[in-house]
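final-v4.csv follows (CSV, C-alpha atoms):
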chain,number,residue,atom,x,y,z
A,1,MET,CA,-159.2,-9.6,30.9
A,2,SER,CA,-160.1,-12.0,28.2
A,3,SER,CA,-158.7,-15.5,27.9
A,4,GLN,CA,-157.4,-14.9,24.4
A,5,PRO,CA,-154.4,-17.1,23.8
A,6,TYR,CA,-151.2,-14.9,23.9
A,7,VAL,CA,-148.1,-15.4,21.9
A,8,GLN,CA,-144.7,-15.8,23.6
A,9,ASP,CA,-141.4,-15.7,21.9
A,10,LEU,CA,-140.5,-19.2,22.8
A,11,ALA,CA,-137.8,-21.6,21.7
A,12,PRO,CA,-138.7,-23.8,18.7
A,13,LYS,CA,-139.9,-27.3,19.4
A,14,GLY,CA,-137.1,-29.5,20.6
A,15,GLY,CA,-135.1,-26.6,21.9
A,16,PHE,CA,-132.5,-24.4,20.4
A,17,PRO,CA,-129.6,-26.2,18.6
A,18,GLU,CA,-126.7,-26.8,20.9
A,19,THR,CA,-124.6,-24.3,19.0
A,20,ILE,CA,-126.6,-21.3,20.2
A,21,GLN,CA,-125.8,-20.3,23.7
A,22,TYR,CA,-128.8,-18.6,25.3
A,23,LYS,CA,-128.2,-19.5,29.0
A,24,ARG,CA,-125.9,-17.2,31.1
A,25,TYR,CA,-122.5,-18.8,31.8
A,26,LEU,CA,-120.5,-17.3,34.7
A,27,PRO,CA,-118.5,-20.0,36.2
A,28,ARG,CA,-117.0,-19.5,39.7
A,29,ARG,CA,-113.4,-20.2,38.9
A,30,GLY,CA,-110.0,-18.7,39.7
A,31,PRO,CA,-108.5,-17.7,43.0
A,32,SER,CA,-110.8,-16.8,45.9
A,33,GLY,CA,-110.7,-13.3,47.5
A,34,LEU,CA,-108.5,-14.5,50.3
A,35,VAL,CA,-105.9,-15.8,47.9
A,36,ILE,CA,-105.9,-12.5,46.0
A,37,PHE,CA,-105.4,-10.5,49.2
A,38,ALA,CA,-102.7,-12.9,50.2
A,39,ALA,CA,-100.9,-12.4,46.9
A,40,ALA,CA,-101.2,-8.6,47.1
A,41,PHE,CA,-99.9,-8.5,50.6
A,42,GLY,CA,-97.2,-11.0,49.6
A,43,VAL,CA,-96.0,-8.8,46.8
A,44,MET,CA,-96.1,-5.7,49.0
A,45,GLY,CA,-94.4,-7.4,51.8
A,46,TYR,CA,-91.6,-8.4,49.6
A,47,GLY,CA,-91.2,-4.8,48.6
A,48,TRP,CA,-91.4,-3.6,52.2
A,49,TYR,CA,-88.8,-6.0,53.2
A,50,TRP,CA,-86.4,-4.5,50.7
A,51,VAL,CA,-87.4,-1.0,51.7
A,52,ALA,CA,-86.5,-1.8,55.3
A,53,GLN,CA,-83.2,-3.3,54.2
A,54,ALA,CA,-82.4,-0.3,52.1
A,55,ASN,CA,-83.3,2.1,55.0
A,56,ALA,CA,-81.0,0.2,57.3
A,57,GLU,CA,-78.2,0.5,54.7
A,58,ARG,CA,-78.9,4.2,54.3
A,59,ARG,CA,-78.6,4.6,58.0
A,60,GLU,CA,-75.2,3.0,58.0
A,61,LEU,CA,-74.1,5.1,55.2
A,62,ARG,CA,-75.2,8.2,57.1
A,63,ARG,CA,-73.3,7.0,60.1
A,64,GLU,CA,-70.2,6.6,58.1
A,65,LYS,CA,-70.6,10.1,56.7
A,66,ALA,CA,-71.1,11.5,60.1
A,67,TRP,CA,-68.1,9.8,61.6
A,68,THR,CA,-66.0,11.0,58.6
A,69,ARG,CA,-66.8,14.5,59.6
A,70,ILE,CA,-66.5,14.0,63.3
A,71,SER,CA,-63.0,12.6,62.8
A,72,LEU,CA,-61.9,15.7,61.0
A,73,VAL,CA,-63.2,18.2,63.6
A,74,PRO,CA,-60.1,18.5,65.7
A,75,LEU,CA,-57.9,19.3,62.7
A,76,LEU,CA,-60.3,21.9,61.2
A,77,GLN,CA,-61.0,23.4,64.6
A,78,ALA,CA,-57.3,23.8,65.4
A,79,GLU,CA,-56.9,25.7,62.1
A,80,THR,CA,-59.9,27.9,62.8
A,81,ASP,CA,-58.6,28.7,66.3
A,82,ARG,CA,-55.3,29.8,65.0
A,83,ASP,CA,-57.0,32.0,62.4
A,84,LEU,CA,-59.3,33.5,64.9
A,85,VAL,CA,-56.5,34.3,67.3
A,86,ARG,CA,-54.6,36.0,64.4
A,87,ARG,CA,-57.6,38.1,63.4
A,88,LEU,CA,-58.6,39.1,66.8
A,89,GLU,CA,-55.1,40.1,67.7
A,90,ALA,CA,-54.7,42.2,64.6
A,91,ALA,CA,-58.0,43.9,65.3
A,92,THR,CA,-57.0,44.6,68.9
A,93,SER,CA,-53.7,46.1,68.0
A,94,ARG,CA,-55.3,48.2,65.3
A,95,GLU,CA,-57.9,49.5,67.8
A,96,ALA,CA,-55.2,50.1,70.5
A,97,ALA,CA,-53.1,52.1,68.0
A,98,GLN,CA,-56.1,54.2,67.1
A,99,MET,CA,-57.2,54.9,70.7
A,100,GLU,CA,-53.8,55.4,72.3
A,101,ASN,CA,-54.6,59.0,73.1
A,102,VAL,CA,-57.7,58.1,75.0
A,103,ASP,CA,-56.8,57.1,78.5
A,104,GLY,CA,-58.6,54.2,80.2
A,105,TRP,CA,-59.4,52.5,76.8
A,106,SER,CA,-58.8,48.8,76.7
A,107,ALA,CA,-58.9,47.6,73.1
A,108,LEU,CA,-61.4,44.9,72.1
A,109,ASP,CA,-62.0,43.9,75.7
A,110,LEU,CA,-65.6,43.1,76.5
A,111,LYS,CA,-64.8,42.7,80.2
A,112,ALA,CA,-63.1,46.0,80.8
A,113,PRO,CA,-65.0,48.8,82.5
A,114,THR,CA,-66.5,50.9,79.7
A,115,LYS,CA,-67.5,54.5,80.2
A,116,GLY,CA,-71.1,55.1,79.6
A,117,VAL,CA,-72.4,51.7,80.7
A,118,SER,CA,-74.1,51.9,84.0
A,119,ALA,CA,-74.8,49.2,86.5
A,120,ALA,CA,-78.5,49.5,85.7
A,121,ALA,CA,-77.7,48.7,82.0
A,122,VAL,CA,-78.8,52.2,80.8
A,123,ARG,CA,-76.6,54.9,79.3
A,124,ASP,CA,-74.9,56.9,82.0
A,125,ASP,CA,-71.8,58.8,81.2
A,126,SER,CA,-70.6,59.0,84.8
A,127,GLN,CA,-70.4,55.2,85.3
A,128,ALA,CA,-68.2,52.6,83.9
A,129,GLU,CA,-69.1,48.9,84.0
A,130,PRO,CA,-67.9,46.0,82.0
A,131,ILE,CA,-70.2,44.8,79.3
A,132,TYR,CA,-70.0,41.1,80.3
A,133,HIS,CA,-69.6,40.0,83.9
A,134,THR,CA,-69.1,36.3,83.2
A,135,LYS,CA,-65.8,34.5,83.7
A,136,LYS,CA,-66.2,32.5,80.5
A,137,TYR,CA,-64.8,33.6,77.2
A,138,VAL,CA,-67.0,35.9,75.1
A,139,ASN,CA,-66.6,36.2,71.4
A,140,PRO,CA,-67.0,39.8,70.2
A,141,THR,CA,-70.3,40.3,68.3
A,142,PHE,CA,-69.4,43.4,66.3
A,143,MET,CA,-66.2,44.2,64.5
A,144,PHE,CA,-65.3,47.6,63.2
A,145,LEU,CA,-63.0,47.8,60.2
A,146,PRO,CA,-61.9,51.3,59.1
A,147,TRP,CA,-62.8,52.1,55.5
A,148,GLY,CA,-59.8,51.9,53.2
A,149,ASP,CA,-58.0,49.6,55.5
A,150,ASP,CA,-56.1,46.5,54.2
A,151,ALA,CA,-58.1,44.3,56.3
A,152,ARG,CA,-61.4,45.1,54.6
A,153,MET,CA,-62.5,43.9,51.2
A,154,GLU,CA,-65.4,45.9,49.9
A,155,ALA,CA,-68.5,44.1,48.8
A,156,GLN,CA,-68.3,43.0,45.2
A,157,TRP,CA,-71.3,43.1,43.0
A,158,TRP,CA,-70.7,39.6,41.9
A,159,ARG,CA,-71.0,38.3,45.4
A,160,GLY,CA,-74.6,39.2,45.4
A,161,THR,CA,-74.7,42.1,47.8
A,162,LYS,CA,-75.6,45.5,46.7
A,163,MET,CA,-75.4,47.0,50.1
A,164,PHE,CA,-72.3,49.0,49.6
A,165,LEU,CA,-73.0,49.9,46.0
A,166,ARG,CA,-76.1,51.7,46.9
A,167,ASN,CA,-75.2,53.2,50.2
A,168,PRO,CA,-71.7,54.5,50.5
A,169,PRO,CA,-70.6,55.0,54.0
A,170,TYR,CA,-71.5,58.2,55.6
A,171,HIS,CA,-68.4,60.2,55.1
A,172,GLU,CA,-67.7,58.9,51.6
A,173,ARG,CA,-70.9,60.3,50.2
A,174,ASP,CA,-70.5,63.1,47.7
A,175,ASP,CA,-72.5,65.6,49.7
A,176,PHE,CA,-70.6,65.2,52.9
A,177,THR,CA,-68.5,68.1,54.1
A,178,LYS,CA,-67.0,68.5,57.5
A,179,GLU,CA,-68.8,71.8,57.9
A,180,LYS,CA,-72.1,70.4,56.8
A,181,PRO,CA,-72.3,66.7,57.6
A,182,ILE,CA,-75.3,65.0,56.2
A,183,GLY,CA,-78.2,65.1,58.6
A,184,GLY,CA,-76.2,67.1,61.2
A,185,GLN,CA,-76.6,70.6,62.3
B,1,MET,CA,-68.3,21.3,71.0
B,2,THR,CA,-67.5,24.9,70.2
B,3,THR,CA,-70.1,27.4,69.4
B,4,HIS,CA,-68.4,29.8,67.1
B,5,ARG,CA,-71.0,31.4,64.9
B,6,GLU,CA,-70.4,32.1,61.3
B,7,GLY,CA,-69.5,35.8,60.9
B,8,THR,CA,-72.1,38.0,59.1
B,9,PHE,CA,-70.3,40.8,57.4
B,10,VAL,CA,-72.6,43.4,55.9
B,11,GLU,CA,-70.5,45.8,54.1
B,12,GLY,CA,-67.7,43.7,52.8
B,13,LEU,CA,-65.4,40.9,53.9
B,14,TRP,CA,-62.8,40.8,56.7
B,15,VAL,CA,-59.5,39.7,55.1
B,16,GLU,CA,-56.7,40.2,57.5
B,17,PRO,CA,-53.2,40.4,56.0
B,18,ALA,CA,-51.4,40.4,59.4
B,19,GLN,CA,-49.7,37.2,60.4
B,20,LEU,CA,-49.8,35.5,63.8
B,21,SER,CA,-47.0,37.0,65.9
B,22,SER,CA,-44.5,34.5,67.1
B,23,GLU,CA,-44.8,35.5,70.7
B,24,THR,CA,-48.5,34.4,70.7
B,25,ALA,CA,-47.8,31.1,69.2
B,26,PRO,CA,-44.9,29.4,67.4
B,27,SER,CA,-45.6,29.0,63.7
B,28,VAL,CA,-46.7,25.6,62.4
B,29,ALA,CA,-47.0,24.4,58.8
B,30,GLU,CA,-50.6,24.2,57.8
B,31,VAL,CA,-52.3,21.2,56.3
B,32,GLY,CA,-53.1,22.3,52.8
B,33,CYS,CA,-55.4,19.4,51.9
B,34,THR,CA,-58.6,19.9,50.1
B,35,SER,CA,-61.8,18.2,51.2
B,36,ALA,CA,-61.5,15.0,49.2
B,37,PRO,CA,-58.1,13.8,50.5
B,38,LEU,CA,-59.2,14.7,54.0
B,39,GLU,CA,-62.4,12.7,53.6
B,40,SER,CA,-60.6,9.6,52.5
B,41,MET,CA,-58.0,9.7,55.3
B,42,ALA,CA,-60.5,10.7,58.0
B,43,PHE,CA,-60.8,7.4,59.7
B,44,HIS,CA,-57.1,6.7,59.5
B,45,PHE,CA,-56.4,10.1,60.9
B,46,ALA,CA,-58.8,9.4,63.8
B,47,SER,CA,-56.9,6.2,64.8
B,48,PHE,CA,-53.4,7.5,64.0
B,49,CYS,CA,-53.8,10.7,66.0
B,50,LYS,CA,-56.2,9.5,68.6
B,51,LYS,CA,-54.2,10.8,71.6
B,52,TYR,CA,-53.8,14.3,70.3
B,53,ASN,CA,-57.4,14.6,69.1
B,54,ASP,CA,-58.7,13.5,72.5
B,55,ASP,CA,-56.4,16.0,74.3
B,56,PHE,CA,-57.6,18.7,72.0
B,57,VAL,CA,-61.3,17.9,72.5
B,58,LYS,CA,-60.9,17.7,76.3
B,59,CYS,CA,-59.1,21.0,76.3
B,60,LYS,CA,-61.9,22.6,74.2
B,61,ASN,CA,-64.5,21.3,76.6
B,62,GLU,CA,-62.8,23.4,79.3
B,63,SER,CA,-63.1,26.7,77.5
B,64,GLN,CA,-64.3,28.2,74.2
B,65,ASP,CA,-61.4,30.7,74.1
B,66,PRO,CA,-59.5,30.0,70.9
B,67,LYS,CA,-56.2,31.0,72.7
B,68,HIS,CA,-56.7,28.3,75.3
B,69,CYS,CA,-56.0,25.3,73.1
B,70,LEU,CA,-53.4,26.6,70.6
B,71,LYS,CA,-50.8,24.1,71.9
B,72,GLU,CA,-53.0,21.0,71.6
B,73,GLY,CA,-54.1,22.3,68.2
B,74,ARG,CA,-50.5,22.5,67.0
B,75,LYS,CA,-50.0,18.9,68.0
B,76,VAL,CA,-53.0,17.8,66.1
B,77,THR,CA,-51.9,19.6,63.0
B,78,ARG,CA,-48.4,18.2,63.2
B,79,CYS,CA,-49.7,14.7,63.7
B,80,ALA,CA,-52.0,15.2,60.6
B,81,LEU,CA,-49.0,16.4,58.6
B,82,ASP,CA,-47.0,13.4,59.7
B,83,LEU,CA,-49.8,11.1,58.6
B,84,ILE,CA,-50.1,12.8,55.2
B,85,GLY,CA,-46.4,12.5,54.7
B,86,LYS,CA,-46.5,8.8,55.5
B,87,LEU,CA,-49.5,8.3,53.2
B,88,LYS,CA,-47.8,10.1,50.3
B,89,GLU,CA,-44.7,8.0,50.8
B,90,ASN,CA,-46.3,4.6,51.1
B,91,CYS,CA,-49.8,4.7,49.4
B,92,ASP,CA,-49.7,7.7,47.2
B,93,ALA,CA,-51.2,6.1,44.1
B,94,GLN,CA,-54.1,4.4,45.9
B,95,TRP,CA,-54.9,7.5,47.9
B,96,THR,CA,-54.9,9.7,44.8
B,97,LYS,CA,-57.2,7.3,43.0
B,98,HIS,CA,-59.6,7.2,45.9
B,99,TRP,CA,-59.9,10.9,46.4
B,100,GLU,CA,-60.1,11.6,42.7
B,101,CYS,CA,-63.0,9.1,42.5
B,102,LEU,CA,-64.7,10.9,45.4
B,103,ASP,CA,-64.3,14.2,43.6
B,104,MET,CA,-66.0,12.7,40.6
B,105,ASN,CA,-68.9,11.3,42.7
B,106,ASN,CA,-70.0,14.2,44.9
B,107,HIS,CA,-68.1,12.8,47.8
B,108,THR,CA,-70.4,9.8,48.2
B,109,LEU,CA,-68.3,7.1,49.8
B,110,PHE,CA,-70.4,4.2,48.5
B,111,LYS,CA,-69.6,5.0,44.9
B,112,CYS,CA,-65.9,4.4,45.4
B,113,ARG,CA,-65.7,1.2,47.4
B,114,LYS,CA,-63.2,-0.5,45.0
B,115,GLU,CA,-60.7,2.3,45.3
B,116,GLU,CA,-61.3,2.5,49.0
B,117,LYS,CA,-60.6,-1.2,49.5
B,118,GLU,CA,-57.3,-0.8,47.7
B,119,PHE,CA,-56.4,2.2,49.7
B,120,ASN,CA,-57.4,0.6,53.0
B,121,ASP,CA,-55.5,-2.6,52.2
B,122,CYS,CA,-52.3,-0.6,51.4
B,123,VAL,CA,-52.7,1.5,54.6
B,124,PHE,CA,-53.1,-1.6,56.7
B,125,LYS,CA,-50.2,-3.4,55.1
B,126,ARG,CA,-47.8,-0.4,55.3
B,127,LEU,CA,-49.0,1.5,58.3
B,128,GLY,CA,-51.1,-0.9,60.3
B,129,LEU,CA,-54.2,1.3,60.5
B,130,THR,CA,-57.7,-0.1,60.1
B,131,LYS,CA,-60.9,1.9,59.3
B,132,VAL,CA,-63.4,1.5,62.1
B,133,ILE,CA,-66.8,3.1,62.1
B,134,PRO,CA,-67.7,3.7,65.8
B,135,GLU,CA,-71.2,2.9,67.0
B,136,THR,CA,-71.9,0.2,64.4
B,137,ALA,CA,-74.2,-2.5,65.8
B,138,GLU,CA,-72.4,-5.5,67.4
B,139,GLY,CA,-72.0,-8.4,65.0
B,140,ALA,CA,-73.1,-6.5,61.9
B,141,THR,CA,-70.7,-6.1,59.0
B,142,PRO,CA,-69.6,-2.5,58.7
B,143,ILE,CA,-71.1,-0.8,55.7
B,144,HIS,CA,-67.8,-0.4,53.9
B,145,LEU,CA,-67.1,-4.1,54.1
B,146,LYS,CA,-70.6,-5.3,53.0
B,147,GLU,CA,-70.3,-7.7,50.0
B,148,GLN,CA,-73.6,-7.0,48.2
B,149,PRO,CA,-74.6,-3.5,49.1
B,150,LEU,CA,-77.9,-2.2,47.8
B,151,TYR,CA,-76.4,1.3,47.2
B,152,LYS,CA,-73.4,1.1,45.0

Give the structure from the file, written as structure tokens.
Amino acid sequence: MSSQPYVQDLAPKGGFPETIQYKRYLPRRGPSGLVIFAAAFGVMGYGWYWVAQANAERRELRREKAWTRISLVPLLQAETDRDLVRRLEAATSREAAQMENVDGWSALDLKAPTKGVSAAAVRDDSQAEPIYHTKKYVNPTFMFLPWGDDARMEAQWWRGTKMFLRNPPYHERDDFTKEKPIGGQ
Amino acid sequence: MTTHREGTFVEGLWVEPAQLSSETAPSVAEVGCTSAPLESMAFHFASFCKKYNDDFVKCKNESQDPKHCLKEGRKVTRCALDLIGKLKENCDAQWTKHWECLDMNNHTLFKCRKEEKEFNDCVFKRLGLTKVIPETAEGATPIHLKEQPLYK
């Protein structure tokens, strides 16, 4: 507007003394970006190298553990086989002793003709078909152990199962009588 | 190999006091070892009893019936008992140290390399058996012979 002289906050005549720093000072120094990236990847690469070595070593340790177990399989399987034969034979002889008055009963034999099983896989008391038709060996799925038998160890509360403690078997319940079985007519 | 399932017993456990009748199978002394001694002798067992183990496995591949391979199983057990007897006679101290170390270390083999080396050296010297881990890469040192392992 008017040409009045204006006042600026200037440096004194001759400039500021050297000891007062007024200009910005941001020197470009130090490693460049490329160098920093290279250093970072270098450190990481060193770490990854040892990770890979350790993984390879873990794989070999796992291989050693697996072969330790594989080497022992025949020994342990032979023992288990003998045990299974013993148990199944005892169960068979127990069942045969119990069913000796029933004619046509083949104890613990899943390939013997069973009365009540029809060729159409439905219940039919006039037919008798084996349960399995295959020639291969079939392990029995269910096992019945009479209550009170030596071969049966009842569930213990400290084993974590409460099944028997809460639900006594049918004919050991207090309100069971032969005349009035529970739930029967 | 064999597909026996674990039994699930709902109302209790099946403990069978009856013994195996001798007309089914002649009786054989059982190996009473716990898991640590078996683990330390596993590779030596594999090489000492290779024939009997292979026979047993081939027999098992034919049939899952436990009765089918009782004879081969007895041979395997007898061979194992033979090896255990030889180990007790020749390398008892080193074997005991190794499996006791394994028991202390959760059965991790890499924690007990020193005892294992002594045991393997004794077994090689007295019985001529070497521990070989199958399927290791050609030319690579086996893990139990590595000088500077990372896991120790």

(request) Pick out the chain B residues within 8 Å of chain A. Count only C-alpha atoms. Give them as JSON, numbers by chain. (result) {"B": [4, 10, 11, 12, 13, 14, 15, 16, 17, 18, 19, 20, 21, 30, 38, 39, 42, 43, 45, 46, 53, 56, 57, 63, 64, 65, 66, 67, 69, 70, 73, 74, 76, 77, 80, 109, 110, 133, 134, 136, 142, 143, 149, 150, 151]}

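Going from atom CA of A:Lys135 to atom CA of A:Thr114 covers 16.9 Å.
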
(request) In Å, rounded to a single decimal, give me how far atom CA of B:Leu102 is from atom CA of A:Ala52. (result) 27.1 Å

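Using all atoms listed in the file for every distance, the candidate list B:Lys50, B:Glu115, B:Ala140, B:Ser22 yields B:Glu115 as the residue closest to B:Glu100.
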
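With all atoms listed in the file as the atoms that count, the residue of B:His144, B:Lys88, B:Lys111, B:Lys97 with the shortest distance to B:Arg126 is B:Lys88.
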
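Taking atom CA of B:Asp121 and atom CA of B:Pro37 as the two end points, the separation is 16.7 Å.
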
(request) With a distance cut-off of 9 Å and all atoms listed in the file, select the neighbouring residues of A:Ser93, excluding the residue or stretch itself and same-chain residues fewer than 5 positions from it, and output the selection as a list of chain:residue names. (result) A:Leu88, A:Gln98, A:Ala107, A:Leu108

(message) Give me the residues near stretch 102-104 of chain A as number ranges by chain, where near means some atom within 10 Å (using all atoms listed in the file) and where sequence neighbours in that chain fewer than 5 positions away do not count.
(response) A: 96, 112-115

(message) Need the shell around B:Trp99: protein/DNA/RNA residues with any atom at most 7 Å away, counting only C-alpha atoms. Skip same-chain ones fewer than 3 positions apart. Format as a list in words?
(response) Ala36, Pro37, Ser40, Trp95, Thr96, Leu102 and Asp103 of chain B

(message) If we count all atoms listed in the file and set the cut-off at 12 Å, which residues sit around stretch 5-11 of chain A, ignoring sequence neighbours fewer than 4 positions away in its own chain? Please answer as a PyMOL selection string.
(response) chain A and resi 1+15-17+20+22
